[in-house]
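Pasting protein_27.pdb here (PDB, C-alpha atoms and all ligand atoms):
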```pdb
ATOM      1  CA  MET A   1     195.955  83.183  11.967
ATOM      2  CA  ASN A   2     197.970  84.621   9.100
ATOM      3  CA  LYS A   3     197.682  88.051  10.618
ATOM      4  CA  ILE A   4     200.511  87.669  13.080
ATOM      5  CA  LYS A   5     201.956  91.172  12.966
ATOM      6  CA  LYS A   6     202.667  92.352  16.476
ATOM      7  CA  ILE A   7     204.971  90.302  18.628
ATOM      8  CA  ALA A   8     206.119  90.486  22.229
ATOM      9  CA  VAL A   9     209.199  88.615  23.399
ATOM     10  CA  ILE A  10     209.473  88.095  27.149
ATOM     11  CA  GLY A  11     213.085  88.051  28.339
ATOM     12  CA  GLY A  12     215.993  89.605  26.447
ATOM     13  CA  GLY A  13     218.847  87.274  27.406
ATOM     14  CA  THR A  14     220.837  84.976  25.106
ATOM     15  CA  MET A  15     217.776  83.672  23.284
ATOM     16  CA  GLY A  16     215.353  86.579  23.731
ATOM     17  CA  ASN A  17     217.563  89.217  22.144
ATOM     18  CA  GLY A  18     218.189  86.893  19.194
ATOM     19  CA  ILE A  19     214.450  86.301  18.743
ATOM     20  CA  VAL A  20     213.740  90.064  18.880
ATOM     21  CA  HIS A  21     216.541  90.644  16.328
ATOM     22  CA  LEU A  22     215.108  87.979  13.996
ATOM     23  CA  PHE A  23     211.558  89.358  14.004
ATOM     24  CA  ALA A  24     212.635  93.004  13.632
ATOM     25  CA  GLN A  25     214.961  92.159  10.746
ATOM     26  CA  ASN A  26     212.070  90.404   9.000
ATOM     27  CA  GLY A  27     209.704  93.373   9.202
ATOM     28  CA  PHE A  28     207.703  92.645  12.368
ATOM     29  CA  ASP A  29     206.953  95.130  15.130
ATOM     30  CA  VAL A  30     208.336  93.583  18.265
ATOM     31  CA  THR A  31     208.267  94.617  21.902
ATOM     32  CA  LEU A  32     210.868  93.231  24.273
ATOM     33  CA  VAL A  33     209.625  92.863  27.841
ATOM     34  CA  GLU A  34     212.272  92.777  30.570
ATOM     35  CA  THR A  35     212.305  93.201  34.345
ATOM     36  CA  LYS A  36     214.756  96.142  34.491
ATOM     37  CA  LYS A  37     215.612  98.957  32.096
ATOM     38  CA  GLU A  38     219.299  98.051  32.237
ATOM     39  CA  PHE A  39     218.512  94.495  31.030
ATOM     40  CA  ALA A  40     216.394  95.834  28.172
ATOM     41  CA  ASP A  41     219.148  98.318  27.247
ATOM     42  CA  ARG A  42     221.738  95.532  27.315
ATOM     43  CA  ALA A  43     219.599  93.431  24.954
ATOM     44  CA  ILE A  44     219.196  96.340  22.515
ATOM     45  CA  ALA A  45     222.958  96.992  22.630
ATOM     46  CA  THR A  46     223.579  93.319  21.760
ATOM     47  CA  ILE A  47     221.124  93.462  18.856
ATOM     48  CA  ASP A  48     222.741  96.696  17.628
ATOM     49  CA  LYS A  49     226.192  95.067  17.767
ATOM     50  CA  ASN A  50     224.995  91.933  15.934
ATOM     51  CA  LEU A  51     223.269  93.994  13.210
ATOM     52  CA  GLU A  52     226.435  96.080  12.878
ATOM     53  CA  ARG A  53     228.438  92.886  12.340
ATOM     54  CA  MET A  54     226.006  91.859   9.571
ATOM     55  CA  LEU A  55     226.358  95.322   8.034
ATOM     56  CA  SER A  56     230.157  95.111   8.077
ATOM     57  CA  LYS A  57     229.926  91.747   6.264
ATOM     58  CA  GLU A  58     227.552  93.415   3.736
ATOM     59  CA  LYS A  59     224.767  90.968   4.588
ATOM     60  CA  ILE A  60     222.412  93.894   5.272
ATOM     61  CA  THR A  61     222.403  97.611   4.380
ATOM     62  CA  LYS A  62     222.572 100.548   6.795
ATOM     63  CA  GLU A  63     218.906 101.167   5.983
ATOM     64  CA  ASP A  64     218.012  97.541   6.900
ATOM     65  CA  LYS A  65     219.807  97.944  10.204
ATOM     66  CA  ASP A  66     218.125 101.235  11.064
ATOM     67  CA  SER A  67     214.673 100.034  10.112
ATOM     68  CA  ALA A  68     215.124  96.806  12.128
ATOM     69  CA  LEU A  69     216.119  98.792  15.215
ATOM     70  CA  GLY A  70     213.196 101.167  14.568
ATOM     71  CA  ARG A  71     210.713  98.278  14.814
ATOM     72  CA  ILE A  72     211.833  97.325  18.347
ATOM     73  CA  THR A  73     210.323  98.840  21.477
ATOM     74  CA  THR A  74     211.030  97.841  25.043
ATOM     75  CA  SER A  75     208.709  97.575  28.015
ATOM     76  CA  LEU A  76     208.834  96.683  31.688
ATOM     77  CA  ASP A  77     205.074  96.135  31.787
ATOM     78  CA  LEU A  78     204.055  92.638  30.651
ATOM     79  CA  ASN A  79     200.326  93.031  31.257
ATOM     80  CA  ASN A  80     199.940  96.237  29.249
ATOM     81  CA  THR A  81     202.168  95.033  26.427
ATOM     82  CA  VAL A  82     200.260  91.823  25.784
ATOM     83  CA  LYS A  83     196.971  93.733  25.329
ATOM     84  CA  LYS A  84     198.067  94.714  21.816
ATOM     85  CA  ILE A  85     199.828  91.683  20.402
ATOM     86  CA  ASP A  86     199.134  88.673  18.156
ATOM     87  CA  LEU A  87     201.955  86.441  19.408
ATOM     88  CA  MET A  88     203.872  86.286  22.678
ATOM     89  CA  ILE A  89     207.136  84.325  22.813
ATOM     90  CA  GLU A  90     208.477  83.614  26.281
ATOM     91  CA  ALA A  91     212.268  83.294  26.686
ATOM     92  CA  VAL A  92     212.854  83.681  30.441
ATOM     93  CA  PRO A  93     215.076  81.285  32.444
ATOM     94  CA  GLU A  94     214.192  77.590  32.555
ATOM     95  CA  ILE A  95     212.215  77.750  35.829
ATOM     96  CA  PHE A  96     208.714  76.321  35.719
ATOM     97  CA  GLU A  97     207.245  78.622  38.411
ATOM     98  CA  LEU A  98     208.594  81.738  36.631
ATOM     99  CA  LYS A  99     207.191  80.687  33.271
ATOM    100  CA  LYS A 100     203.896  79.695  34.909
ATOM    101  CA  SER A 101     203.438  83.138  36.488
ATOM    102  CA  ILE A 102     204.201  84.913  33.185
ATOM    103  CA  PHE A 103     201.740  82.801  31.206
ATOM    104  CA  SER A 104     198.951  82.960  33.755
ATOM    105  CA  ASP A 105     199.343  86.766  34.098
ATOM    106  CA  ALA A 106     199.534  87.392  30.352
ATOM    107  CA  ASP A 107     196.498  85.149  29.805
ATOM    108  CA  LYS A 108     194.333  87.616  31.735
ATOM    109  CA  TYR A 109     195.308  90.580  29.545
ATOM    110  CA  ALA A 110     196.070  89.267  26.046
ATOM    111  CA  PRO A 111     193.270  89.268  23.446
ATOM    112  CA  ASP A 112     191.596  85.913  22.798
ATOM    113  CA  HIS A 113     193.273  85.485  19.405
ATOM    114  CA  THR A 114     196.818  85.908  20.795
ATOM    115  CA  ILE A 115     199.022  82.837  20.462
ATOM    116  CA  PHE A 116     201.387  82.026  23.335
ATOM    117  CA  ALA A 117     204.700  80.339  22.550
ATOM    118  CA  SER A 118     207.503  79.178  24.809
ATOM    119  CA  ASN A 119     211.155  78.810  23.847
ATOM    120  CA  THR A 120     211.670  76.283  26.671
ATOM    121  CA  SER A 121     214.324  73.612  26.029
ATOM    122  CA  SER A 122     212.768  70.975  28.208
ATOM    123  CA  ILE A 123     209.642  71.967  30.151
ATOM    124  CA  SER A 124     206.444  70.252  28.992
ATOM    125  CA  ILE A 125     204.471  72.467  26.585
ATOM    126  CA  THR A 126     201.288  70.680  27.648
ATOM    127  CA  LYS A 127     201.959  71.550  31.310
ATOM    128  CA  LEU A 128     202.741  75.205  30.523
ATOM    129  CA  ALA A 129     199.641  75.446  28.300
ATOM    130  CA  ALA A 130     197.525  74.130  31.181
ATOM    131  CA  GLN A 131     198.428  77.269  33.188
ATOM    132  CA  THR A 132     196.304  79.294  30.740
ATOM    133  CA  ASN A 133     192.778  79.271  29.385
ATOM    134  CA  ARG A 134     194.093  78.987  25.817
ATOM    135  CA  PRO A 135     195.842  75.567  25.599
ATOM    136  CA  GLU A 136     194.740  75.264  21.960
ATOM    137  CA  ARG A 137     196.564  78.521  21.198
ATOM    138  CA  PHE A 138     199.735  77.509  23.047
ATOM    139  CA  ILE A 139     202.797  76.054  21.309
ATOM    140  CA  GLY A 140     206.546  75.508  21.667
ATOM    141  CA  MET A 141     208.815  77.572  19.412
ATOM    142  CA  HIS A 142     212.256  76.190  20.196
ATOM    143  CA  PHE A 143     214.931  78.364  18.601
ATOM    144  CA  PHE A 144     218.641  77.563  18.631
ATOM    145  CA  ASN A 145     221.600  79.716  19.649
ATOM    146  CA  PRO A 146     222.592  82.023  17.939
ATOM    147  CA  VAL A 147     218.995  82.632  16.822
ATOM    148  CA  PRO A 148     219.667  84.894  13.802
ATOM    149  CA  VAL A 149     222.068  82.268  12.387
ATOM    150  CA  MET A 150     220.672  78.830  13.236
ATOM    151  CA  LYS A 151     218.136  77.612  10.669
ATOM    152  CA  LEU A 152     216.035  75.277  12.800
ATOM    153  CA  VAL A 153     212.863  76.046  14.745
ATOM    154  CA  GLU A 154     211.532  72.991  16.560
ATOM    155  CA  VAL A 155     207.768  73.573  16.704
ATOM    156  CA  ILE A 156     206.273  71.623  19.617
ATOM    157  CA  ASN A 157     202.607  70.736  19.756
ATOM    158  CA  GLY A 158     201.099  70.437  23.213
ATOM    159  CA  LEU A 159     198.327  67.896  23.749
ATOM    160  CA  LYS A 160     195.658  70.505  22.959
ATOM    161  CA  THR A 161     197.474  72.730  20.424
ATOM    162  CA  SER A 162     195.138  73.246  17.458
ATOM    163  CA  SER A 163     196.310  72.346  13.957
ATOM    164  CA  GLU A 164     195.526  75.932  12.839
ATOM    165  CA  VAL A 165     197.968  77.283  15.394
ATOM    166  CA  THR A 166     200.656  74.770  14.360
ATOM    167  CA  ASP A 167     200.161  75.724  10.696
ATOM    168  CA  ALA A 168     200.336  79.443  11.535
ATOM    169  CA  ILE A 169     203.579  79.037  13.482
ATOM    170  CA  MET A 170     205.139  76.827  10.787
ATOM    171  CA  THR A 171     204.282  79.455   8.142
ATOM    172  CA  LEU A 172     205.525  82.271  10.346
ATOM    173  CA  SER A 173     208.834  80.456  10.949
ATOM    174  CA  GLU A 174     209.305  80.122   7.180
ATOM    175  CA  LYS A 175     208.627  83.854   6.771
ATOM    176  CA  LEU A 176     211.483  84.405   9.205
ATOM    177  CA  GLY A 177     213.779  82.427   6.885
ATOM    178  CA  LYS A 178     213.868  79.404   9.206
ATOM    179  CA  VAL A 179     213.184  75.730   8.616
ATOM    180  CA  PRO A 180     210.477  74.651  11.068
ATOM    181  CA  VAL A 181     210.187  71.012  12.107
ATOM    182  CA  SER A 182     207.051  69.920  13.932
ATOM    183  CA  ALA A 183     207.110  67.457  16.837
ATOM    184  CA  ASN A 184     204.762  66.406  19.598
ATOM    185  CA  ASP A 185     205.382  67.309  23.216
ATOM    186  CA  SER A 186     207.577  64.761  24.971
ATOM    187  CA  PRO A 187     210.549  65.124  27.359
ATOM    188  CA  GLY A 188     213.460  66.746  25.514
ATOM    189  CA  PHE A 189     211.334  67.046  22.348
ATOM    190  CA  VAL A 190     213.462  65.641  19.462
ATOM    191  CA  SER A 191     216.592  67.789  19.667
ATOM    192  CA  ASN A 192     217.589  67.221  23.275
ATOM    193  CA  ARG A 193     216.303  63.656  23.414
ATOM    194  CA  VAL A 194     218.767  62.709  20.704
ATOM    195  CA  LEU A 195     221.590  65.128  21.549
ATOM    196  CA  MET A 196     221.843  64.786  25.334
ATOM    197  CA  PRO A 197     222.256  60.975  25.504
ATOM    198  CA  MET A 198     225.055  61.345  22.934
ATOM    199  CA  ILE A 199     226.770  64.002  25.057
ATOM    200  CA  ASN A 200     226.224  61.890  28.183
ATOM    201  CA  GLU A 201     227.750  58.828  26.498
ATOM    202  CA  ALA A 202     230.731  60.922  25.391
ATOM    203  CA  ILE A 203     231.206  61.964  29.042
ATOM    204  CA  PHE A 204     230.952  58.322  30.219
ATOM    205  CA  THR A 205     233.656  57.428  27.691
ATOM    206  CA  VAL A 206     236.004  59.952  29.317
ATOM    207  CA  TYR A 207     234.852  58.960  32.848
ATOM    208  CA  GLU A 208     235.668  55.302  32.219
ATOM    209  CA  GLY A 209     239.099  56.179  30.824
ATOM    210  CA  VAL A 210     238.312  54.839  27.370
ATOM    211  CA  ALA A 211     239.643  57.990  25.698
ATOM    212  CA  THR A 212     240.471  61.616  26.393
ATOM    213  CA  ALA A 213     238.013  64.441  25.742
ATOM    214  CA  GLU A 214     240.149  65.510  22.757
ATOM    215  CA  ALA A 215     240.074  61.977  21.330
ATOM    216  CA  VAL A 216     236.305  61.583  21.737
ATOM    217  CA  ASP A 217     235.688  64.876  19.929
ATOM    218  CA  GLN A 218     238.134  63.987  17.144
ATOM    219  CA  VAL A 219     236.349  60.670  16.539
ATOM    220  CA  MET A 220     232.978  62.363  16.236
ATOM    221  CA  LYS A 221     234.269  65.221  14.071
ATOM    222  CA  LEU A 222     236.426  63.249  11.673
ATOM    223  CA  GLY A 223     234.512  59.956  11.669
ATOM    224  CA  MET A 224     230.932  61.178  11.853
ATOM    225  CA  ALA A 225     231.278  64.566  10.152
ATOM    226  CA  HIS A 226     230.031  66.459  13.198
ATOM    227  CA  PRO A 227     231.152  70.098  12.889
ATOM    228  CA  MET A 228     231.792  70.221  16.640
ATOM    229  CA  GLY A 229     232.607  67.320  18.961
ATOM    230  CA  PRO A 230     230.013  66.433  21.638
ATOM    231  CA  LEU A 231     232.204  67.612  24.527
ATOM    232  CA  ARG A 232     233.035  70.932  22.871
ATOM    233  CA  LEU A 233     229.307  71.329  22.233
ATOM    234  CA  ALA A 234     228.486  70.454  25.856
ATOM    235  CA  ASP A 235     230.865  73.199  27.039
ATOM    236  CA  PHE A 236     229.222  75.658  24.631
ATOM    237  CA  ILE A 237     225.694  74.773  25.818
ATOM    238  CA  GLY A 238     226.759  74.853  29.478
ATOM    239  CA  LEU A 239     227.357  71.705  31.546
ATOM    240  CA  ASP A 240     224.728  72.840  34.075
ATOM    241  CA  VAL A 241     222.162  73.132  31.263
ATOM    242  CA  CYS A 242     223.139  69.671  29.961
ATOM    243  CA  LEU A 243     222.723  68.196  33.456
ATOM    244  CA  ASP A 244     219.313  69.866  33.902
ATOM    245  CA  ILE A 245     218.070  68.508  30.585
ATOM    246  CA  LEU A 246     219.368  64.984  31.305
ATOM    247  CA  ASN A 247     217.495  65.117  34.608
ATOM    248  CA  VAL A 248     214.326  66.120  32.740
ATOM    249  CA  LEU A 249     214.768  63.080  30.456
ATOM    250  CA  TYR A 250     215.593  60.797  33.406
ATOM    251  CA  ASP A 251     212.582  61.974  35.432
ATOM    252  CA  GLY A 252     210.260  62.166  32.434
ATOM    253  CA  PHE A 253     210.875  58.650  31.114
ATOM    254  CA  LYS A 254     211.917  56.985  34.401
ATOM    255  CA  ASP A 255     214.460  55.148  32.295
ATOM    256  CA  PRO A 256     218.030  54.575  33.600
ATOM    257  CA  LYS A 257     219.454  55.075  30.123
ATOM    258  CA  TYR A 258     219.220  58.825  30.762
ATOM    259  CA  ARG A 259     221.151  58.678  34.091
ATOM    260  CA  PRO A 260     223.552  61.659  34.064
ATOM    261  CA  CYS A 261     227.210  60.560  34.147
ATOM    262  CA  PRO A 262     228.731  61.079  37.649
ATOM    263  CA  LEU A 263     231.581  63.044  36.004
ATOM    264  CA  LEU A 264     229.074  65.566  34.633
ATOM    265  CA  VAL A 265     227.492  65.948  38.077
ATOM    266  CA  LYS A 266     230.935  66.403  39.657
ATOM    267  CA  MET A 267     232.003  69.035  37.139
ATOM    268  CA  VAL A 268     228.806  71.024  37.691
ATOM    269  CA  ASP A 269     229.305  70.769  41.474
ATOM    270  CA  ALA A 270     232.835  72.120  41.003
ATOM    271  CA  GLY A 271     231.571  75.083  38.972
ATOM    272  CA  LYS A 272     233.234  73.891  35.765
ATOM    273  CA  LEU A 273     230.364  74.786  33.496
ATOM    274  CA  GLY A 274     232.115  75.187  30.138
ATOM    275  CA  ASP A 275     232.634  78.382  28.113
ATOM    276  CA  LYS A 276     230.772  80.606  30.563
ATOM    277  CA  THR A 277     233.135  79.811  33.446
ATOM    278  CA  GLY A 278     236.249  79.495  31.266
ATOM    279  CA  GLU A 279     236.615  75.773  31.959
ATOM    280  CA  GLY A 280     234.731  72.589  31.169
ATOM    281  CA  PHE A 281     236.025  69.627  29.203
ATOM    282  CA  PHE A 282     238.336  72.157  27.572
ATOM    283  CA  ASN A 283     240.003  75.320  28.837
ATOM    284  CA  TYR A 284     238.849  78.735  27.595
ATOM    285  CA  SER A 285     240.697  80.972  30.027
ATOM    286  CA  LYS A 286     243.194  82.278  27.441
TER
HETATM  287  N1  LIG B   1     220.722  79.416  25.752
HETATM  288  C1  LIG B   1     220.414  78.486  24.857
HETATM  289  O1  LIG B   1     221.257  77.980  24.099
HETATM  290  C2  LIG B   1     218.979  78.038  24.695
HETATM  291  C3  LIG B   1     218.609  77.353  23.517
HETATM  292  C4  LIG B   1     217.276  77.015  23.327
HETATM  293  C5  LIG B   1     216.339  77.314  24.306
HETATM  294  N2  LIG B   1     216.722  77.956  25.459
HETATM  295  C6  LIG B   1     215.681  78.294  26.439
HETATM  296  O2  LIG B   1     215.386  79.672  26.296
HETATM  297  C7  LIG B   1     214.979  80.218  27.564
HETATM  298  C8  LIG B   1     215.836  81.426  27.890
HETATM  299  O3  LIG B   1     217.190  81.018  27.961
HETATM  300  P1  LIG B   1     218.401  82.073  27.865
HETATM  301  O4  LIG B   1     219.624  81.241  27.666
HETATM  302  O5  LIG B   1     218.065  83.142  26.886
HETATM  303  O6  LIG B   1     218.371  82.689  29.336
HETATM  304  P2  LIG B   1     219.081  84.028  29.881
HETATM  305  O7  LIG B   1     219.292  83.809  31.315
HETATM  306  O8  LIG B   1     220.238  84.399  28.982
HETATM  307  O9  LIG B   1     217.972  85.169  29.668
HETATM  308  C9  LIG B   1     216.769  85.221  30.385
HETATM  309  C10 LIG B   1     216.304  86.665  30.422
HETATM  310  O10 LIG B   1     214.983  86.698  30.996
HETATM  311  C11 LIG B   1     214.883  87.856  31.784
HETATM  312  N3  LIG B   1     213.777  87.676  32.734
HETATM  313  C12 LIG B   1     213.766  86.973  33.909
HETATM  314  N4  LIG B   1     212.540  87.066  34.486
HETATM  315  C13 LIG B   1     211.773  87.834  33.669
HETATM  316  C14 LIG B   1     210.437  88.292  33.734
HETATM  317  N5  LIG B   1     209.634  87.958  34.752
HETATM  318  N6  LIG B   1     209.979  89.079  32.737
HETATM  319  C15 LIG B   1     210.778  89.434  31.696
HETATM  320  N7  LIG B   1     212.070  89.019  31.581
HETATM  321  C16 LIG B   1     212.557  88.221  32.556
HETATM  322  C17 LIG B   1     216.244  88.005  32.444
HETATM  323  O11 LIG B   1     216.457  89.334  32.885
HETATM  324  C18 LIG B   1     217.176  87.581  31.292
HETATM  325  O12 LIG B   1     217.588  88.703  30.527
HETATM  326  C19 LIG B   1     215.075  79.061  28.555
HETATM  327  O13 LIG B   1     213.810  78.466  28.680
HETATM  328  C20 LIG B   1     216.061  78.109  27.897
HETATM  329  O14 LIG B   1     215.857  76.779  28.294
HETATM  330  C21 LIG B   1     218.017  78.339  25.670
END
```
Would you mind giving the structure from this file in structure tokens?
Ligand SMILES: NC(=O)c1ccc[n+]([C@@H]2O[C@H](COP(=O)([O-])OP(=O)(O)OC[C@H]3O[C@@H](n4cnc5c(N)ncnc54)[C@H](O)[C@@H]3O)[C@@H](O)[C@H]2O)c1
Amino acid sequence: MNKIKKIAVIGGGTMGNGIVHLFAQNGFDVTLVETKKEFADRAIATIDKNLERMLSKEKITKEDKDSALGRITTSLDLNNTVKKIDLMIEAVPEIFELKKSIFSDADKYAPDHTIFASNTSSISITKLAAQTNRPERFIGMHFFNPVPVMKLVEVINGLKTSSEVTDAIMTLSEKLGKVPVSANDSPGFVSNRVLMPMINEAIFTVYEGVATAEAVDQVMKLGMAHPMGPLRLADFIGLDVCLDILNVLYDGFKDPKYRPCPLLVKMVDAGKLGDKTGEGFFNYSK
């Protein structure tokens, strides 16, 4: 279990390229699997740019940067790649059927000892693990954006995850310079179960005309010492992502306290998704 040396990361988007960066910078050989060469190239270019920024701030040396990049390979062939690895981390879009097909394919080709991890924000780890014949070697490794910077890894145990696998992933996360926190599989895990109702309540406060978005964020920043107000954070995460996660909580617990605010639904319908569309609770077009 302590011999996790070769890693494959599936998906090189926002989270995947950060996870590849993190492992390579900490001395691991890592293969990024993507669907198209241009996507893999784009991920490598992002990692290069982020390492260059660290170099310019003298956080790493030129040698560190070059050796990190030298440890990364890319592949378009999932099945062949997983034949040689100790840990696979999946970071493809939050679509159950897509994740299911990746895990059930990889399960046929990966060695028995290989641990499978998912970076899912909200899909049940137990349900994903059940798509494979290795549920005891299946775990959630929930990183936070931007991965090289954010300290937390939420380590999620599925119903059948073995304690050896949890221990191995906790130790590995520490080797990566992160602080792992272990939790059991449940809708939203800990992070989103606590965060999303707060964001939703902040949106209800605006919806009901109690205060403006600016005022709500000021209260939470200045009164509660939050570095970012809940509505600014919601825009950063993406209002569509927030709505999806609230729906996971609402469906998972069947509890009306997770009912997404109608204003959130309306904003998503209107395509006001936050930073990525230039407008959400705040305007980013300038
Ligand atoms: N963005 C966040 O802040 C955040 C935070 C924590 C967890 N997550 C979770 O991480 C996962 C990835 O999110 P993201 O924001 O990085 O998504 P993204 O859309 O930025 O990236 C997904 C990448 O996966 C690639 N991909 C799609 N199908 C693939 C396949 N079959 N094989 C290989 N690659 C494939 C896409 O080309 C894309 O580059 C999701 O489960 C999400 O819920 C996201």
Report the distance between CA of Gly271 in chain A and CA of Leu243 in chain A in Å, rounded to one decimal place.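 Between these atoms lies a distance of 12.5 Å.
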Could you make a table, as JSON lines, of the residues of range 138-191 of chain A that have an atom within 6 Å of an atom of range 100-120 of chain A, each with its nearest atom pair and distance in Å to one decimal, counting all atoms listed in the file, in chain and number order?
```
{"residue": "A:Phe138", "atom": "CA", "partner": "A:Phe116", "partner_atom": "CA", "distance": 4.8}
{"residue": "A:Ile139", "atom": "CA", "partner": "A:Ala117", "partner_atom": "CA", "distance": 4.9}
{"residue": "A:Gly140", "atom": "CA", "partner": "A:Ser118", "partner_atom": "CA", "distance": 4.9}
{"residue": "A:Met141", "atom": "CA", "partner": "A:Asn119", "partner_atom": "CA", "distance": 5.2}
{"residue": "A:His142", "atom": "CA", "partner": "A:Asn119", "partner_atom": "CA", "distance": 4.6}
```
I need the output of the PyMOL selection byres (((chain A and resi 67-72) around 8) and not hetatm) for this file as a ChimeraX atom specification; which residues are they? /A:20-21,24-32,48,63-66,73-74
Set the distance at 8 Å and use all atoms listed in the file: which residues neighbour Ile245 in chain A once local chain neighbours fewer than 3 positions away are removed? I'd like the list as a PyMOL selection string. chain A and resi 121-122+188+192+196+241-242+248-249
Within 6 Å of ligand LIG 1 (chain B), which residues of chain A show up? Give each one with its shortest atom-to-atom distance in Å (one decimal) and the two atoms involved, counting all atoms listed in the file, rows by chain then rising residue number, as a tab-separated table.
```
residue	atom	partner	partner_atom	distance
A:Ile10	CA	B:LIG1	C15	4.9
A:Gly11	CA	B:LIG1	N7	3.5
A:Gly12	CA	B:LIG1	O12	4.5
A:Gly13	CA	B:LIG1	O9	3.2
A:Thr14	CA	B:LIG1	O5	3.8
A:Met15	CA	B:LIG1	O5	3.7
A:Gly16	CA	B:LIG1	O5	5.4
A:Val33	CA	B:LIG1	C15	5.3
A:Glu34	CA	B:LIG1	C15	3.8
A:Thr35	CA	B:LIG1	C15	4.9
A:Phe39	CA	B:LIG1	O11	5.9
A:Ala91	CA	B:LIG1	C7	4.2
A:Val92	CA	B:LIG1	O10	3.7
A:Pro93	CA	B:LIG1	C19	4.5
A:Glu94	CA	B:LIG1	O13	4.0
A:Asn119	CA	B:LIG1	O2	5.0
A:Thr120	CA	B:LIG1	O13	3.7
A:Ser121	CA	B:LIG1	O14	4.2
A:His142	CA	B:LIG1	C5	5.9
A:Phe143	CA	B:LIG1	C4	5.4
A:Phe144	CA	B:LIG1	C3	4.9
A:Asn145	CA	B:LIG1	O1	4.8
A:Ile237	CA	B:LIG1	O1	5.7
```
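Neighbours of range 199-211 of chain A closer than or equal to 8 Å, with only C-alpha atoms counted and sequence neighbours fewer than 3 positions away skipped, come out as Leu195, Met196, Ala215, Val216, Pro230, Leu231, Ala234, Pro260, Cys261, Leu263 and Leu264 of chain A.
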Please compute the CA of Val268 in chain A-CA of Pro197 in chain A distance, one decimal, in Å.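 For CA of Val268 in chain A relative to CA of Pro197 in chain A, the distance reads 17.1 Å.
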Once the PyMOL selection byres (((chain A and resi 180) around 7) and not hetatm) has been evaluated on this model, what residues remain selected, and can you format them as a list of chain:residue names? A:Leu152, A:Val153, A:Glu154, A:Val155, A:Met170, A:Ser173, A:Glu174, A:Lys178, A:Val179, A:Val181, A:Ser182
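Minimum atom-to-atom distances from A:Leu246, A:Ile4, A:Ala40, A:Ile125 to Ile169 in chain A were compared using only C-alpha atoms, and the lowest value belongs to A:Ile4.
Comparing A:Lys276, A:Lys6, A:Arg53, A:Lys127 by their smallest distance to Ile89 in chain A, the closest is A:Lys6 (using only C-alpha atoms).
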A:Asp255, A:Asp77, A:Leu128, A:Thr61: which is nearest Glu97 in chain A, counting all atoms listed in the file?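 Checking each candidate against Glu97 in chain A, we get A:Leu128 as the closest.
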Among listed residues A:Arg232, A:Arg137, A:Lys151, A:Lys62, nearest Asp217 in chain A (using all atoms listed in the file): A:Arg232
Work out how far apart CA of Gly274 in chain A and CA of Gln218 in chain A are and give it in Å to one decimal.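 So the two atoms, CA of Gly274 in chain A and CA of Gln218 in chain A, lie 18.2 Å apart.
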Around all listed atoms of range 270-279 of chain A, padded 8 Å per side, what centre and edge lengths does the axis-aligned box have in Å to one decimal, as lines of an AutoDock Vina configuration file?
```
center_x = 233.5
center_y = 76.4
center_z = 34.6
size_x = 22.3
size_y = 24.5
size_z = 28.9
```
